[in-house]
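Containing mmCIF, C-alpha atoms: run.cif.
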```cif
data_target
#
loop_
_atom_site.label_atom_id
_atom_site.label_comp_id
_atom_site.auth_asym_id
_atom_site.auth_seq_id
_atom_site.Cartn_x
_atom_site.Cartn_y
_atom_site.Cartn_z
CA MET A 256 0.98 45.69 12.48
CA CYS A 257 -1.30 46.84 9.67
CA PHE A 258 -4.68 45.34 9.08
CA VAL A 259 -5.27 45.09 5.43
CA ALA A 260 -7.91 43.21 3.48
CA LEU A 261 -6.19 41.04 0.97
CA PHE A 262 -7.54 38.39 -1.34
CA SER A 263 -8.76 35.08 -0.05
CA PRO A 264 -6.31 33.31 2.32
CA PRO A 265 -5.65 30.16 0.24
CA VAL A 266 -4.31 32.31 -2.58
CA ILE A 267 -1.95 34.12 -0.22
CA ALA A 268 -0.89 30.94 1.48
CA SER A 269 0.18 29.49 -1.80
CA ALA A 270 2.09 32.59 -2.83
CA GLN A 271 4.96 32.24 -0.44
CA THR A 272 7.60 32.90 -3.01
CA ALA A 273 8.46 36.09 -4.82
CA SER A 274 6.20 36.80 -7.83
CA PRO A 275 7.45 38.02 -11.21
CA SER A 276 6.66 41.58 -10.08
CA LYS A 277 9.14 41.03 -7.24
CA VAL A 278 6.60 40.90 -4.43
CA GLU A 279 7.82 38.61 -1.72
CA ILE A 280 5.00 37.15 0.37
CA ASN A 281 5.65 34.85 3.31
CA VAL A 282 3.14 33.43 5.76
CA VAL A 283 4.40 34.26 9.22
CA GLU A 284 1.59 32.77 11.26
CA ALA A 285 -1.71 31.00 10.65
CA LEU A 286 -4.31 32.23 13.11
CA PRO A 287 -7.01 29.95 14.61
CA SER A 288 -9.69 32.13 13.00
CA GLY A 289 -8.48 31.06 9.58
CA GLU A 290 -6.63 34.31 8.96
CA PHE A 291 -2.93 34.77 8.47
CA ILE A 292 -0.14 37.08 9.40
CA VAL A 293 1.96 37.50 6.30
CA ARG A 294 5.06 39.40 5.46
CA VAL A 295 4.81 41.30 2.20
CA ASN A 296 8.08 42.73 1.04
CA GLY A 297 9.35 42.57 4.62
CA ILE A 298 6.27 44.24 6.19
CA GLU A 299 4.04 42.15 8.35
CA GLN A 300 0.36 42.37 7.50
CA ARG A 301 -2.76 40.47 8.34
CA THR A 302 -5.27 38.86 6.06
CA ILE A 303 -8.94 38.84 6.96
CA THR A 304 -11.67 36.50 5.92
CA ALA A 305 -14.80 37.65 4.13
CA GLU A 306 -16.80 36.90 7.28
CA HIS A 307 -14.49 39.10 9.32
CA ALA A 308 -14.64 41.85 6.70
CA ARG A 309 -18.44 41.64 6.76
CA SER A 310 -18.39 41.88 10.54
CA ILE A 311 -16.10 44.94 10.38
CA ALA A 312 -18.34 46.59 7.77
CA SER A 313 -21.37 45.84 9.89
CA ASP A 314 -19.70 47.20 13.04
CA LYS A 315 -18.59 50.34 11.23
CA ALA A 316 -22.08 50.92 9.90
CA GLU A 317 -23.50 50.35 13.37
CA LEU A 318 -20.97 52.71 14.89
CA ALA A 319 -21.84 55.44 12.38
CA SER A 320 -25.53 54.87 13.00
CA LEU A 321 -25.08 54.92 16.78
CA ARG A 322 -23.12 58.16 16.55
CA GLU A 323 -26.00 59.71 14.65
CA VAL A 324 -28.48 58.28 17.14
CA LYS A 325 -26.41 59.63 20.02
CA THR A 326 -26.35 63.12 18.50
CA ASN A 327 -30.08 62.92 17.87
CA LEU A 328 -30.84 61.71 21.39
CA GLU A 329 -28.64 64.41 22.90
CA ALA A 330 -30.55 67.01 20.88
CA GLN A 331 -33.85 65.45 21.98
CA ASN A 332 -32.72 65.41 25.58
CA ALA A 333 -31.70 69.08 25.44
CA GLN A 334 -34.99 69.98 23.79
CA LEU A 335 -37.03 68.02 26.33
CA GLN A 336 -35.10 69.67 29.16
CA THR A 337 -35.93 73.06 27.65
CA LEU A 338 -39.57 72.01 27.36
CA PHE A 339 -39.57 70.87 30.97
CA ASN A 340 -38.09 74.17 32.15
CA THR A 341 -40.60 76.11 30.07
CA SER A 342 -43.50 74.04 31.39
CA GLN A 343 -42.27 74.52 34.93
CA LYS A 344 -42.13 78.28 34.39
CA ASP A 345 -45.62 78.16 32.93
CA ALA A 346 -46.86 76.23 35.95
CA GLN A 347 -45.31 78.80 38.29
CA LEU A 348 -46.96 81.62 36.35
CA ALA A 349 -50.29 79.77 36.47
CA ALA A 350 -49.96 79.45 40.24
CA THR A 351 -49.15 83.16 40.52
CA GLN A 352 -52.11 83.95 38.31
CA ALA A 353 -54.39 81.83 40.50
CA ALA A 354 -53.12 83.61 43.63
CA LEU A 355 -53.76 87.00 41.99
CA GLU A 356 -57.22 85.85 40.98
CA ARG A 357 -57.96 84.81 44.56
CA GLU A 358 -56.79 88.19 45.84
CA ARG A 359 -58.91 89.95 43.24
CA ALA A 360 -61.95 87.90 44.24
CA GLY A 361 -61.23 88.76 47.89
CA ARG A 362 -61.14 92.47 47.06
CA PHE A 363 -64.44 92.26 45.22
CA SER A 364 -65.92 90.34 48.11
CA ALA A 365 -64.74 93.00 50.58
CA MET A 366 -66.27 95.71 48.39
CA TYR A 367 -69.53 93.80 48.22
CA ASP A 368 -69.57 93.21 51.98
CA GLY A 369 -68.99 96.93 52.64
CA GLU A 370 -71.75 97.93 50.25
CA GLN A 371 -74.12 95.40 51.75
CA ALA A 372 -73.41 96.52 55.31
CA LEU A 373 -74.01 100.12 54.30
CA ARG A 374 -77.24 99.16 52.57
CA PHE A 375 -78.50 97.45 55.72
CA GLN A 376 -77.52 100.52 57.71
CA SER A 377 -79.39 102.80 55.31
CA GLU A 378 -82.43 100.53 55.52
CA ARG A 379 -82.36 100.86 59.30
CA LEU A 380 -81.98 104.66 59.20
CA HIS A 381 -85.64 105.18 60.08
CA GLY A 382 -86.44 104.66 63.73
CA ARG A 383 -83.22 103.64 65.35
CA GLY A 384 -83.38 106.18 68.23
CA ARG A 385 -84.65 105.29 71.71
CA VAL A 386 -87.75 107.50 71.35
CA SER A 387 -88.73 105.94 68.03
CA GLN A 388 -88.00 102.47 69.41
CA PHE A 389 -90.44 103.27 72.24
CA PHE A 390 -93.12 104.26 69.73
CA GLU A 391 -92.40 101.17 67.60
CA ASN A 392 -93.45 98.98 70.52
CA PRO A 393 -96.80 97.38 69.52
CA PHE A 394 -98.39 98.08 72.90
CA VAL A 395 -97.43 101.73 72.70
CA GLN A 396 -98.77 101.89 69.14
CA VAL A 397 -102.10 100.45 70.29
CA GLY A 398 -102.13 102.93 73.14
CA VAL A 399 -101.44 105.81 70.80
CA LYS A 400 -104.14 104.68 68.36
CA LEU A 401 -106.68 104.45 71.12
CA GLY A 402 -105.36 107.17 73.40
CA VAL A 403 -105.04 110.08 70.98
CA PRO A 404 -108.72 110.13 69.93
CA ALA A 405 -109.73 109.65 73.56
CA ILE A 406 -107.61 112.57 74.69
CA GLN A 407 -108.89 114.70 71.80
CA THR A 408 -112.48 113.87 72.81
CA TRP A 409 -111.74 114.60 76.43
CA VAL A 410 -110.07 117.89 75.54
CA ALA A 411 -113.03 118.81 73.32
CA SER A 412 -115.50 117.98 76.08
CA ARG A 413 -113.61 120.19 78.51
CA GLN A 414 -113.86 123.14 76.14
CA MET B 36 -103.65 124.32 78.91
CA LEU B 37 -103.58 120.60 78.32
CA GLN B 38 -103.52 121.18 74.61
CA LYS B 39 -100.43 123.34 75.00
CA ILE B 40 -98.74 120.67 77.08
CA TRP B 41 -99.69 118.11 74.47
CA LEU B 42 -98.28 120.22 71.68
CA TRP B 43 -95.12 120.87 73.67
CA ALA B 44 -94.67 117.16 74.24
CA LEU B 45 -95.20 116.43 70.54
CA ARG B 46 -92.66 119.10 69.57
CA LEU B 47 -90.20 117.59 72.05
CA LEU B 48 -90.70 114.19 70.52
CA ALA B 49 -90.32 115.56 67.00
CA ARG B 50 -87.08 117.32 67.94
CA ARG B 51 -85.73 114.15 69.51
CA LEU B 52 -86.65 112.08 66.47
CA ASP B 53 -85.08 114.71 64.23
CA ALA B 54 -81.89 114.63 66.29
CA ASP B 55 -81.80 110.84 66.15
CA LEU B 56 -82.28 110.89 62.40
CA ASP B 57 -79.57 113.54 61.95
CA ALA B 58 -77.14 111.46 63.99
CA GLU B 59 -77.97 108.36 61.96
CA ILE B 60 -77.57 110.25 58.71
CA LYS B 61 -74.21 111.66 59.83
CA LEU B 62 -73.07 108.17 60.82
CA TYR B 63 -74.28 106.81 57.49
CA GLU B 64 -72.51 109.56 55.57
CA SER B 65 -69.26 109.03 57.44
CA ARG B 66 -69.47 105.30 56.78
CA ARG B 67 -70.37 105.96 53.17
CA GLN B 68 -67.30 108.17 52.83
CA SER B 69 -65.09 105.62 54.55
CA LEU B 70 -66.46 102.87 52.34
CA ASP B 71 -65.97 104.97 49.23
CA THR B 72 -62.32 105.47 50.18
CA GLU B 73 -61.98 101.75 50.85
CA ILE B 74 -63.62 100.92 47.52
CA ALA B 75 -61.31 103.34 45.71
CA ASN B 76 -58.31 101.58 47.31
CA HIS B 77 -59.70 98.19 46.38
CA LYS B 78 -60.28 99.32 42.82
CA GLN B 79 -56.73 100.59 42.58
CA VAL B 80 -55.36 97.29 43.84
CA ILE B 81 -57.71 95.38 41.53
CA ALA B 82 -56.48 97.43 38.58
CA GLU B 83 -52.88 96.57 39.52
CA LEU B 84 -53.82 92.91 39.89
CA GLU B 85 -55.52 92.93 36.49
CA LYS B 86 -52.45 94.55 34.96
CA GLN B 87 -50.27 91.81 36.44
CA GLN B 88 -52.74 89.20 35.20
CA THR B 89 -52.54 90.61 31.68
CA GLU B 90 -48.73 90.57 31.80
CA ILE B 91 -48.70 87.01 33.09
CA SER B 92 -51.19 85.95 30.42
CA ALA B 93 -48.95 87.44 27.73
CA GLN B 94 -45.93 85.64 29.20
CA ARG B 95 -47.87 82.37 29.31
CA ILE B 96 -49.00 82.75 25.70
CA SER B 97 -45.37 83.27 24.73
CA LEU B 98 -44.36 80.20 26.76
CA HIS B 99 -47.09 78.12 25.12
CA LEU B 100 -45.78 79.13 21.71
CA GLU B 101 -42.28 78.12 22.81
CA ILE B 102 -43.63 74.80 24.06
CA GLU B 103 -45.45 74.15 20.79
CA ALA B 104 -42.29 74.93 18.81
CA GLY B 105 -40.27 72.68 21.15
CA VAL B 106 -42.74 69.82 20.75
CA GLN B 107 -42.56 70.14 16.97
CA LEU B 108 -38.76 70.06 17.15
CA VAL B 109 -38.84 66.93 19.30
CA GLU B 110 -41.25 65.32 16.83
CA ALA B 111 -38.87 66.19 13.99
CA LEU B 112 -35.96 64.66 15.94
CA LYS B 113 -38.01 61.52 16.54
CA THR B 114 -38.78 61.25 12.83
CA LYS B 115 -35.09 61.70 12.08
CA LEU B 116 -34.23 58.99 14.60
CA GLU B 117 -36.69 56.61 12.94
CA LYS B 118 -35.10 57.41 9.60
CA ILE B 119 -31.61 56.70 11.02
CA ASN B 120 -32.82 53.36 12.34
CA GLU B 121 -34.40 52.49 8.99
CA GLU B 122 -31.20 53.42 7.15
CA HIS B 123 -29.19 51.35 9.62
CA LYS B 124 -31.41 48.32 9.05
CA SER B 125 -31.11 48.78 5.31
CA THR B 126 -27.30 49.10 5.51
CA GLN B 127 -27.01 46.00 7.70
CA PHE B 128 -29.25 44.07 5.31
CA GLU B 129 -27.14 45.20 2.36
CA ILE B 130 -23.88 44.20 4.15
CA ALA B 131 -25.30 40.81 5.08
CA HIS B 132 -26.29 40.13 1.48
CA ARG B 133 -23.05 41.26 -0.19
CA SER B 134 -21.02 38.57 -1.87
CA ASP B 135 -17.76 37.56 -0.18
CA SER B 136 -15.86 38.99 -3.10
CA ASP B 137 -17.64 42.33 -2.82
CA VAL B 138 -17.02 42.41 0.91
CA LEU B 139 -13.32 41.73 0.48
CA ARG B 140 -12.89 44.19 -2.35
CA GLY B 141 -15.11 46.90 -0.97
CA THR B 142 -13.95 49.77 1.20
CA LEU B 143 -14.13 49.03 4.87
#
```
Would you encode the structure as structure tokens?
Amino acid sequence: MCFVALFSPPVIASAQTASPSKVEINVVEALPSGEFIVRVNGIEQRTITAEHARSIASDKAELASLREVKTNLEAQNAQLQTLFNTSQKDAQLAATQAALERERAGRFSAMYDGEQALRFQSERLHGRGRVSQFFENPFVQVGVKLGVPAIQTWVASRQ
Amino acid sequence: MLQKIWLWALRLLARRLDADLDAEIKLYESRRQSLDTEIANHKQVIAELEKQQTEISAQRISLHLEIEAGVQLVEALKTKLEKINEEHKSTQFEIAHRSDSDVLRGTL
């Protein structure tokens, strides 16, 4: 059955006989919606009301709009997925960068520690032997301070 | 005699101190050398790390540019979507306000 928009139903309903242009129109069935199934020159067709036509036009416009919206949302979705993947990659790279930075800081710290240890060692170079440690003892130093002149005096008196 | 003994003892002490100092200096020098080698290794690794950092930074800059372009594209799509919705509203309004005759005679 074809769905065709014809003129208003009352006009069709009244034109059940063949017109001068030899168009034979018969109402086959009156539908509860106020529309009709008619036979025009032996072919069954359906009339639609203005309200129905408006509803069809509205639905078609909505369908076209929704198709556009769907395409747009699909494109947005794809783009957002790409953005998400890119951001994720960026985050991974940032984490790698942070790890590298930590390792670099560790290396610098190790270099600093080595230098510092060596500096302390160089500062302790003087007087680390057992003999010098003996002479660094305060009591020994006092003894040396007092003893050397005494010995020198004693030696001088003997001569 | 005593003076000779005294001098001998002082020389002995001086030699011992000298030997101690030599040993310390040798130890210091060996540690210095070892540390220098270690530092050279660290510097090499640091240079490699810095090279990697530079590469990663370049990659990240590129990614940020991609992200900015992507965001702009999404904004453009959003604007287009708003336009579609506006057009849809306008079309629906126009359909609702058509005369019955226009609706029936118009193209569906």
Quiz item: Can you list what the PyMOL selection byres ((chain B) within 8 of (chain A)) grabs from this structure, as a PyMOL selection string?
Solution: chain B and resi 37-38+48+51-52+55-56+59-60+63+66-67+70+73-74+77+81+84+88+91+95+98-99+101-102+105-106+108-109+112-113+115-116+119-120+123+126-127+130-131+135-136+138-140+143
Practice problem: Provide the CA of Glu64 in chain B to CA of Lys78 in chain B distance in Å, to one decimal place. | Solution: 20.4 Å
Practice problem: Rounded to one decimal place, report the CA of Glu299 in chain A-CA of Glu279 in chain A distance in Å. | Solution: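 So the answer is 11.3 Å.
Under the PyMOL selection byres ((chain A and resi 289) around 10), the matching residues in the shown file are Pro264, Pro265, Ala285, Leu286, Pro287, Ser288, Glu290, Phe291, Thr302, Ile303 and Thr304 of chain A.
Distance-wise, CA of Glu121 in chain B and CA of Glu103 in chain B end up 27.0 Å apart.
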Could N, CA and C atoms be built for range 103-121 of chain B and written out as a short mmCIF file (atom, residue, chain, number, x, y, z; two decimals), in the frame of the given file?
```cif
data_model
loop_
_atom_site.label_atom_id
_atom_site.label_comp_id
_atom_site.auth_asym_id
_atom_site.auth_seq_id
_atom_site.Cartn_x
_atom_site.Cartn_y
_atom_site.Cartn_z
N GLU B 103 -44.98 74.75 22.05
CA GLU B 103 -45.45 74.15 20.79
C GLU B 103 -44.29 73.96 19.81
N ALA B 104 -43.45 75.02 19.72
CA ALA B 104 -42.29 74.93 18.81
C ALA B 104 -41.36 73.82 19.26
N GLY B 105 -41.14 73.73 20.59
CA GLY B 105 -40.27 72.68 21.15
C GLY B 105 -40.81 71.29 20.85
N VAL B 106 -42.11 71.13 21.00
CA VAL B 106 -42.74 69.82 20.75
C VAL B 106 -42.55 69.43 19.27
N GLN B 107 -42.73 70.42 18.41
CA GLN B 107 -42.56 70.14 16.97
C GLN B 107 -41.12 69.71 16.67
N LEU B 108 -40.17 70.40 17.36
CA LEU B 108 -38.76 70.06 17.15
C LEU B 108 -38.48 68.63 17.62
N VAL B 109 -39.04 68.29 18.78
CA VAL B 109 -38.84 66.93 19.30
C VAL B 109 -39.44 65.90 18.34
N GLU B 110 -40.62 66.23 17.80
CA GLU B 110 -41.25 65.32 16.83
C GLU B 110 -40.35 65.14 15.60
N ALA B 111 -39.76 66.26 15.15
CA ALA B 111 -38.87 66.19 13.99
C ALA B 111 -37.65 65.32 14.31
N LEU B 112 -37.12 65.47 15.54
CA LEU B 112 -35.96 64.66 15.94
C LEU B 112 -36.34 63.17 16.00
N LYS B 113 -37.55 62.91 16.47
CA LYS B 113 -38.01 61.52 16.54
C LYS B 113 -38.12 60.92 15.13
N THR B 114 -38.66 61.71 14.22
CA THR B 114 -38.78 61.25 12.83
C THR B 114 -37.39 60.96 12.25
N LYS B 115 -36.45 61.88 12.57
CA LYS B 115 -35.09 61.70 12.08
C LYS B 115 -34.47 60.42 12.65
N LEU B 116 -34.76 60.19 13.94
CA LEU B 116 -34.23 58.99 14.60
C LEU B 116 -34.79 57.73 13.93
N GLU B 117 -36.08 57.76 13.63
CA GLU B 117 -36.69 56.61 12.94
C GLU B 117 -36.02 56.39 11.59
N LYS B 118 -35.74 57.50 10.91
CA LYS B 118 -35.10 57.41 9.60
C LYS B 118 -33.70 56.80 9.73
N ILE B 119 -32.96 57.24 10.78
CA ILE B 119 -31.61 56.70 11.02
C ILE B 119 -31.69 55.19 11.23
N ASN B 120 -32.66 54.78 12.05
CA ASN B 120 -32.82 53.36 12.34
C ASN B 120 -33.16 52.57 11.07
N GLU B 121 -34.02 53.16 10.25
CA GLU B 121 -34.40 52.49 8.99
C GLU B 121 -33.18 52.34 8.09
#
```
